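Everything below concerns the one structure shown next.
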Amino acid sequence: MATNILEVNMYRYNPEEDKFPYIKQYQIEKPAKDIMVLDLLHLLKEQDESISYRRSCREGVCGSDGMNINGKNGLACITPISSVLKKNKIELRPLPGLPVIRDLVVDMTEFYAQYEKIKPFLQNSTTAPEQERLQSPEDRDKLDGLYECILCACCSTSCPSFWWNPDKFLGPAALLQAYRFLADTRDLKTNERLEDLSDPFSVYRCHGIMNCVSVCPKGLNPNKAIGEIKTMLLKDKKEIITTDGAMN
Amino acid sequence: MIQNRPVNINLLKIKLPLSAFLSITHRISGILIFFLVLPFSVFIFSELTLNQNSFDNFMTMYHTNLGIKFGCIGLILIFQYHIFTGIRHILMDFHILNETLSSSHKSAVITLVLFAVNALLTLLVML
């Protein structure tokens, strides 16, 4: 029966054979129960073993299998096919905006470079106490919704501002982590961090498109974090005015 | 590193939320204001204020030539669209509108409805 056949359109590119990427169509019998997109990829790989994709934990923790599923970025391992199927069709493409190495595998160098820029580690030069640096439960609560990011790059590669300036605009993933350390009371380099973010590109290229929030597989809100950074940058400027009498 | 790797950036194949449409068209309308609305408005204003004769000339053209009439309405609508979507962005920047997906979708719909009502009123006044 035709209704039991899934049509999978996949972005294919093998740099050793293909000059340009192309879309290849696969037909596969619809599985009896609802499976994840990653399981579907495994079934397709039995048909065509040249298909390439990244995967590891298969439970939405490692962030390896981020891809564009029917136009929306997401993790293949935690996306049930029933939630994305349209007329028994699925289109699988690599994450947009990053160079494609092969099929669904992209080069994440640019993404990681932006993450490195925000210095994603605690900076505190005071002598560490014997056990650990303590925080009040209220201060710890400020990090909820920030520390859970798994760096799958779904958000940054869905952001038109990041496509436009992947080298200058930090992107939602890096900015969420930037705010994670700005909000941390144990981190003492807040002013230096804000100084690094104050150029016209790093933060201010965000125009509230909200696609990062729409695609995040962990349900985080980078747009809100960016809003908080913008407010901190404004407050920072205000303090400079009051202490020095004039800005800069 | 291989330099000429392809990039998947087929905009027709990537889904964007309604707020993306508003943000992108807000920028486009901003560009149009600078290169289209502003120069034409200055030109029309100078025509209207030059002397009585050129004022009458322009008004007859406006009432007889549909292209000019709709062109003027178009210029006004572009400007109004930019203001409407701009106010939404300002409200979000000041955290007055909640920065969640659902509230940003709601505010996008409200902005579009308000703009549509406003466009209708503008048409009624100008026609």
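Residues are named by chain letter and number: chains run A, B, ... in the order of the structure tokens, numbers start at 1 in each chain, and ligands are numbered from 1 in the order shown.
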
Mind running chain B against chain A at 9 Å and telling me each contacting residue's nearest atom pair with the distance in Å (one decimal), counting only C-alpha atoms, chain and number ascending, as a tab-separated table?
residue	atom	partner	partner_atom	distance
B:Ile2	CA	A:Ile101	CA	8.8
B:Gln3	CA	A:Pro99	CA	8.9
B:Asn4	CA	A:Pro99	CA	8.5
B:Arg5	CA	A:Pro99	CA	5.4
B:Pro6	CA	A:Val100	CA	5.6
B:Val7	CA	A:Pro99	CA	4.8
B:Asn8	CA	A:Pro96	CA	4.9
B:Ile9	CA	A:Pro96	CA	5.2
B:Asn10	CA	A:Pro96	CA	8.1
B:Leu12	CA	A:Gly71	CA	8.6
B:Lys13	CA	A:Gly71	CA	5.3
B:Ile14	CA	A:Gly71	CA	4.2
B:Lys15	CA	A:Gly71	CA	4.9
B:Leu16	CA	A:Asn211	CA	6.2
B:Pro17	CA	A:Asn211	CA	6.3
B:Leu18	CA	A:Ile209	CA	8.3
B:Ser19	CA	A:Ile209	CA	5.4
B:Ala20	CA	A:Ile209	CA	4.2
B:Phe21	CA	A:Ile209	CA	7.8
B:Leu22	CA	A:Ile209	CA	8.0
B:Ser23	CA	A:Ile209	CA	5.9
B:Ile24	CA	A:Ile209	CA	7.9
B:His89	CA	A:Gly208	CA	7.6
B:Met92	CA	A:Gly227	CA	8.3
B:Asp93	CA	A:Gly227	CA	6.4
B:Phe94	CA	A:Thr231	CA	8.0
B:His95	CA	A:Gly227	CA	7.6
B:Asn98	CA	A:Lys224	CA	8.5
B:Glu99	CA	A:Lys224	CA	5.5
B:Thr100	CA	A:Asn221	CA	7.3
B:Leu101	CA	A:Val213	CA	6.4
B:Ser104	CA	A:Met210	CA	7.9

Dump of N, CA, C and O atoms for the selected residues, as a compact mmCIF listing (two decimals), in the first residue's frame:
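Contents of result.txt, freshly written:
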# COMPACT_ATOMS: atom_id res chain seq x y z
N ILE B 2 39.65 21.82 3.67
CA ILE B 2 39.08 22.06 2.35
C ILE B 2 38.31 23.38 2.36
O ILE B 2 37.50 23.63 3.24
N GLN B 3 38.59 24.23 1.39
CA GLN B 3 37.99 25.57 1.42
C GLN B 3 36.63 25.66 0.72
O GLN B 3 35.78 26.43 1.11
N ASN B 4 36.44 24.85 -0.32
CA ASN B 4 35.22 25.04 -1.12
C ASN B 4 34.09 24.08 -0.74
O ASN B 4 33.43 23.52 -1.59
N ARG B 5 33.89 23.89 0.55
CA ARG B 5 32.81 23.03 0.99
C ARG B 5 31.45 23.72 0.77
O ARG B 5 31.34 24.91 0.94
N PRO B 6 30.45 22.92 0.40
CA PRO B 6 29.13 23.54 0.21
C PRO B 6 28.49 23.89 1.55
O PRO B 6 28.90 23.37 2.58
N VAL B 7 27.52 24.80 1.51
CA VAL B 7 26.79 25.17 2.72
C VAL B 7 25.31 25.01 2.43
O VAL B 7 24.83 25.45 1.38
N ASN B 8 24.60 24.34 3.34
CA ASN B 8 23.16 24.17 3.15
C ASN B 8 22.47 25.43 3.66
O ASN B 8 22.32 25.63 4.85
N ILE B 9 22.06 26.30 2.73
CA ILE B 9 21.40 27.53 3.19
C ILE B 9 20.26 27.87 2.25
O ILE B 9 20.06 29.00 1.84
N ASN B 10 19.47 26.85 1.89
CA ASN B 10 18.30 27.04 1.03
C ASN B 10 17.16 27.62 1.86
O ASN B 10 16.50 26.93 2.63
N LEU B 12 14.28 28.55 1.23
CA LEU B 12 12.92 28.03 0.99
C LEU B 12 12.68 26.76 1.79
O LEU B 12 11.55 26.34 1.99
N LYS B 13 13.77 26.11 2.21
CA LYS B 13 13.65 24.83 2.90
C LYS B 13 13.78 24.97 4.42
O LYS B 13 13.74 23.98 5.13
N ILE B 14 14.00 26.18 4.90
CA ILE B 14 14.20 26.36 6.33
C ILE B 14 13.01 27.09 6.92
O ILE B 14 12.63 28.15 6.44
N LYS B 15 12.43 26.49 7.94
CA LYS B 15 11.25 27.10 8.58
C LYS B 15 11.69 28.17 9.55
O LYS B 15 12.59 27.98 10.35
N LEU B 16 11.02 29.34 9.48
CA LEU B 16 11.30 30.41 10.43
C LEU B 16 9.99 30.81 11.10
O LEU B 16 8.94 30.77 10.47
N PRO B 17 10.03 31.20 12.38
CA PRO B 17 8.79 31.61 13.05
C PRO B 17 8.29 32.97 12.55
O PRO B 17 9.03 33.69 11.86
N LEU B 18 7.07 33.31 12.93
CA LEU B 18 6.46 34.57 12.47
C LEU B 18 7.29 35.77 12.91
O LEU B 18 7.41 36.75 12.16
N SER B 19 7.90 35.66 14.11
CA SER B 19 8.71 36.79 14.59
C SER B 19 9.90 37.04 13.67
O SER B 19 10.36 38.17 13.56
N ALA B 20 10.38 35.99 12.99
CA ALA B 20 11.47 36.16 12.03
C ALA B 20 11.00 37.00 10.86
O ALA B 20 11.69 37.90 10.40
N PHE B 21 9.77 36.70 10.39
CA PHE B 21 9.20 37.46 9.28
C PHE B 21 9.13 38.94 9.64
O PHE B 21 9.52 39.81 8.86
N LEU B 22 8.67 39.23 10.86
CA LEU B 22 8.53 40.63 11.29
C LEU B 22 9.90 41.30 11.40
O LEU B 22 10.07 42.43 10.98
N SER B 23 10.87 40.57 11.99
CA SER B 23 12.19 41.15 12.19
C SER B 23 12.86 41.45 10.84
O SER B 23 13.44 42.52 10.64
N ILE B 24 12.75 40.50 9.91
CA ILE B 24 13.41 40.65 8.61
C ILE B 24 12.73 41.76 7.80
O ILE B 24 13.39 42.65 7.24
N HIS B 89 9.69 45.72 18.81
CA HIS B 89 11.08 45.39 19.18
C HIS B 89 11.53 46.16 20.42
O HIS B 89 12.22 45.61 21.28
N MET B 92 10.14 44.63 23.48
CA MET B 92 10.85 43.40 23.84
C MET B 92 12.21 43.73 24.46
O MET B 92 12.63 43.10 25.43
N ASP B 93 12.90 44.73 23.89
CA ASP B 93 14.21 45.09 24.41
C ASP B 93 14.14 45.58 25.85
O ASP B 93 15.08 45.39 26.63
N PHE B 94 13.02 46.22 26.21
CA PHE B 94 12.88 46.72 27.58
C PHE B 94 12.21 45.70 28.49
O PHE B 94 11.77 46.04 29.57
N HIS B 95 12.11 44.46 28.01
CA HIS B 95 11.52 43.35 28.78
C HIS B 95 10.06 43.60 29.15
O HIS B 95 9.55 43.01 30.10
N ASN B 98 7.21 39.72 27.25
CA ASN B 98 7.95 38.53 27.67
C ASN B 98 8.72 37.93 26.49
O ASN B 98 8.18 37.82 25.40
N GLU B 99 9.97 37.54 26.72
CA GLU B 99 10.77 37.01 25.61
C GLU B 99 10.64 35.50 25.47
O GLU B 99 11.63 34.79 25.42
N THR B 100 9.41 35.00 25.43
CA THR B 100 9.21 33.58 25.19
C THR B 100 8.65 33.40 23.79
O THR B 100 8.19 34.36 23.17
N LEU B 101 8.69 32.17 23.32
CA LEU B 101 8.24 31.91 21.95
C LEU B 101 6.77 32.24 21.79
O LEU B 101 6.36 32.89 20.82
N SER B 104 6.08 36.01 21.99
CA SER B 104 6.61 36.72 20.82
C SER B 104 5.72 36.45 19.60
O SER B 104 5.52 37.31 18.76

Residue neighbourhood segment 29-39 of chain B, 6 Å, only C-alpha atoms, exclusion window fewer than 6 positions, as a ChimeraX atom specification:
/B:75,78,82

Any chance you could export the current selection's N, CA, C and O atoms as a PDB file, in the first residue's frame?
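Now in out-v4.pdb:
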ATOM      1  N   LEU B  75       4.421  54.653   0.159  1.00  0.00           N
ATOM      2  CA  LEU B  75       5.491  55.256   0.961  1.00  0.00           C
ATOM      3  C   LEU B  75       5.064  55.385   2.416  1.00  0.00           C
ATOM      4  O   LEU B  75       5.819  55.071   3.339  1.00  0.00           O
ATOM      5  N   ILE B  78       4.926  51.887   4.163  1.00  0.00           N
ATOM      6  CA  ILE B  78       6.264  51.369   4.509  1.00  0.00           C
ATOM      7  C   ILE B  78       6.731  51.993   5.820  1.00  0.00           C
ATOM      8  O   ILE B  78       7.195  51.318   6.743  1.00  0.00           O
ATOM      9  N   HIS B  82       7.288  50.094   9.537  1.00  0.00           N
ATOM     10  CA  HIS B  82       8.543  50.151  10.284  1.00  0.00           C
ATOM     11  C   HIS B  82       8.292  50.612  11.723  1.00  0.00           C
ATOM     12  O   HIS B  82       8.884  50.085  12.668  1.00  0.00           O
TER      13      HIS B  82
END

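By chain and then residue number, the residues within 10 Å of Leu175 of chain A are Gln114, Tyr115, Ile118, Leu146, Ser156, Phe169, Leu170, Arg180, Phe181, Leu197, Ser202, Val203, Pro222, Asn223, Ala225, Ile226 and Ile229 of chain A, counting only C-alpha atoms and disregarding those fewer than 5 positions away in sequence.
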
Could you save the residues just selected, with C-alpha atoms, as an mmCIF file, in the first residue's frame?
data_model
loop_
_atom_site.group_PDB
_atom_site.id
_atom_site.type_symbol
_atom_site.label_atom_id
_atom_site.label_comp_id
_atom_site.auth_asym_id
_atom_site.auth_seq_id
_atom_site.Cartn_x
_atom_site.Cartn_y
_atom_site.Cartn_z
ATOM 1 C CA GLN A 114 32.665 31.613 18.956
ATOM 2 C CA TYR A 115 32.195 29.489 22.080
ATOM 3 C CA ILE A 118 33.337 33.997 25.555
ATOM 4 C CA LEU A 146 21.591 28.335 31.140
ATOM 5 C CA SER A 156 23.160 29.103 16.188
ATOM 6 C CA PHE A 169 28.222 37.638 15.811
ATOM 7 C CA LEU A 170 28.730 35.138 18.640
ATOM 8 C CA ARG A 180 25.712 31.769 32.252
ATOM 9 C CA PHE A 181 29.055 33.145 33.520
ATOM 10 C CA LEU A 197 30.801 41.859 24.422
ATOM 11 C CA SER A 202 29.050 40.234 19.284
ATOM 12 C CA VAL A 203 25.648 40.727 20.952
ATOM 13 C CA PRO A 222 18.939 32.056 24.338
ATOM 14 C CA ASN A 223 16.912 35.091 23.230
ATOM 15 C CA ALA A 225 19.678 35.505 27.892
ATOM 16 C CA ILE A 226 20.756 37.880 25.116
ATOM 17 C CA ILE A 229 23.140 40.723 28.465
#

Got a sec: who's within 7 Å of Asn14 of chain A, counting only C-alpha atoms, leaving out chain neighbours fewer than 3 positions off, as a PyMOL selection string?
chain A and resi 17-18+102-103

What would the file look like if the residues just selected were written as an mmCIF file, in the first residue's frame with N, CA and C atoms?
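And here is the file that came out, part.cif:
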data_model
loop_
_atom_site.group_PDB
_atom_site.id
_atom_site.type_symbol
_atom_site.label_atom_id
_atom_site.label_comp_id
_atom_site.auth_asym_id
_atom_site.auth_seq_id
_atom_site.Cartn_x
_atom_site.Cartn_y
_atom_site.Cartn_z
ATOM 1 N N GLU A 17 33.470 12.398 -4.636
ATOM 2 C CA GLU A 17 32.765 12.017 -5.864
ATOM 3 C C GLU A 17 31.920 13.141 -6.454
ATOM 4 N N ASP A 18 31.293 13.933 -5.576
ATOM 5 C CA ASP A 18 30.331 14.916 -6.073
ATOM 6 C C ASP A 18 30.939 16.305 -6.131
ATOM 7 N N ARG A 102 30.404 16.082 4.752
ATOM 8 C CA ARG A 102 29.834 15.004 3.964
ATOM 9 C C ARG A 102 28.405 14.747 4.432
ATOM 10 N N ASP A 103 27.487 14.580 3.507
ATOM 11 C CA ASP A 103 26.074 14.328 3.818
ATOM 12 C C ASP A 103 25.546 15.237 4.937
#

Restricting the calculation to only C-alpha atoms, which member of A:Gly145, A:Phe111, A:Leu188, A:Ala178 is positioned closest to Ser125 of chain A?
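Comparing A:Gly145, A:Phe111, A:Leu188, A:Ala178 against Ser125 of chain A, the winner is A:Leu188.
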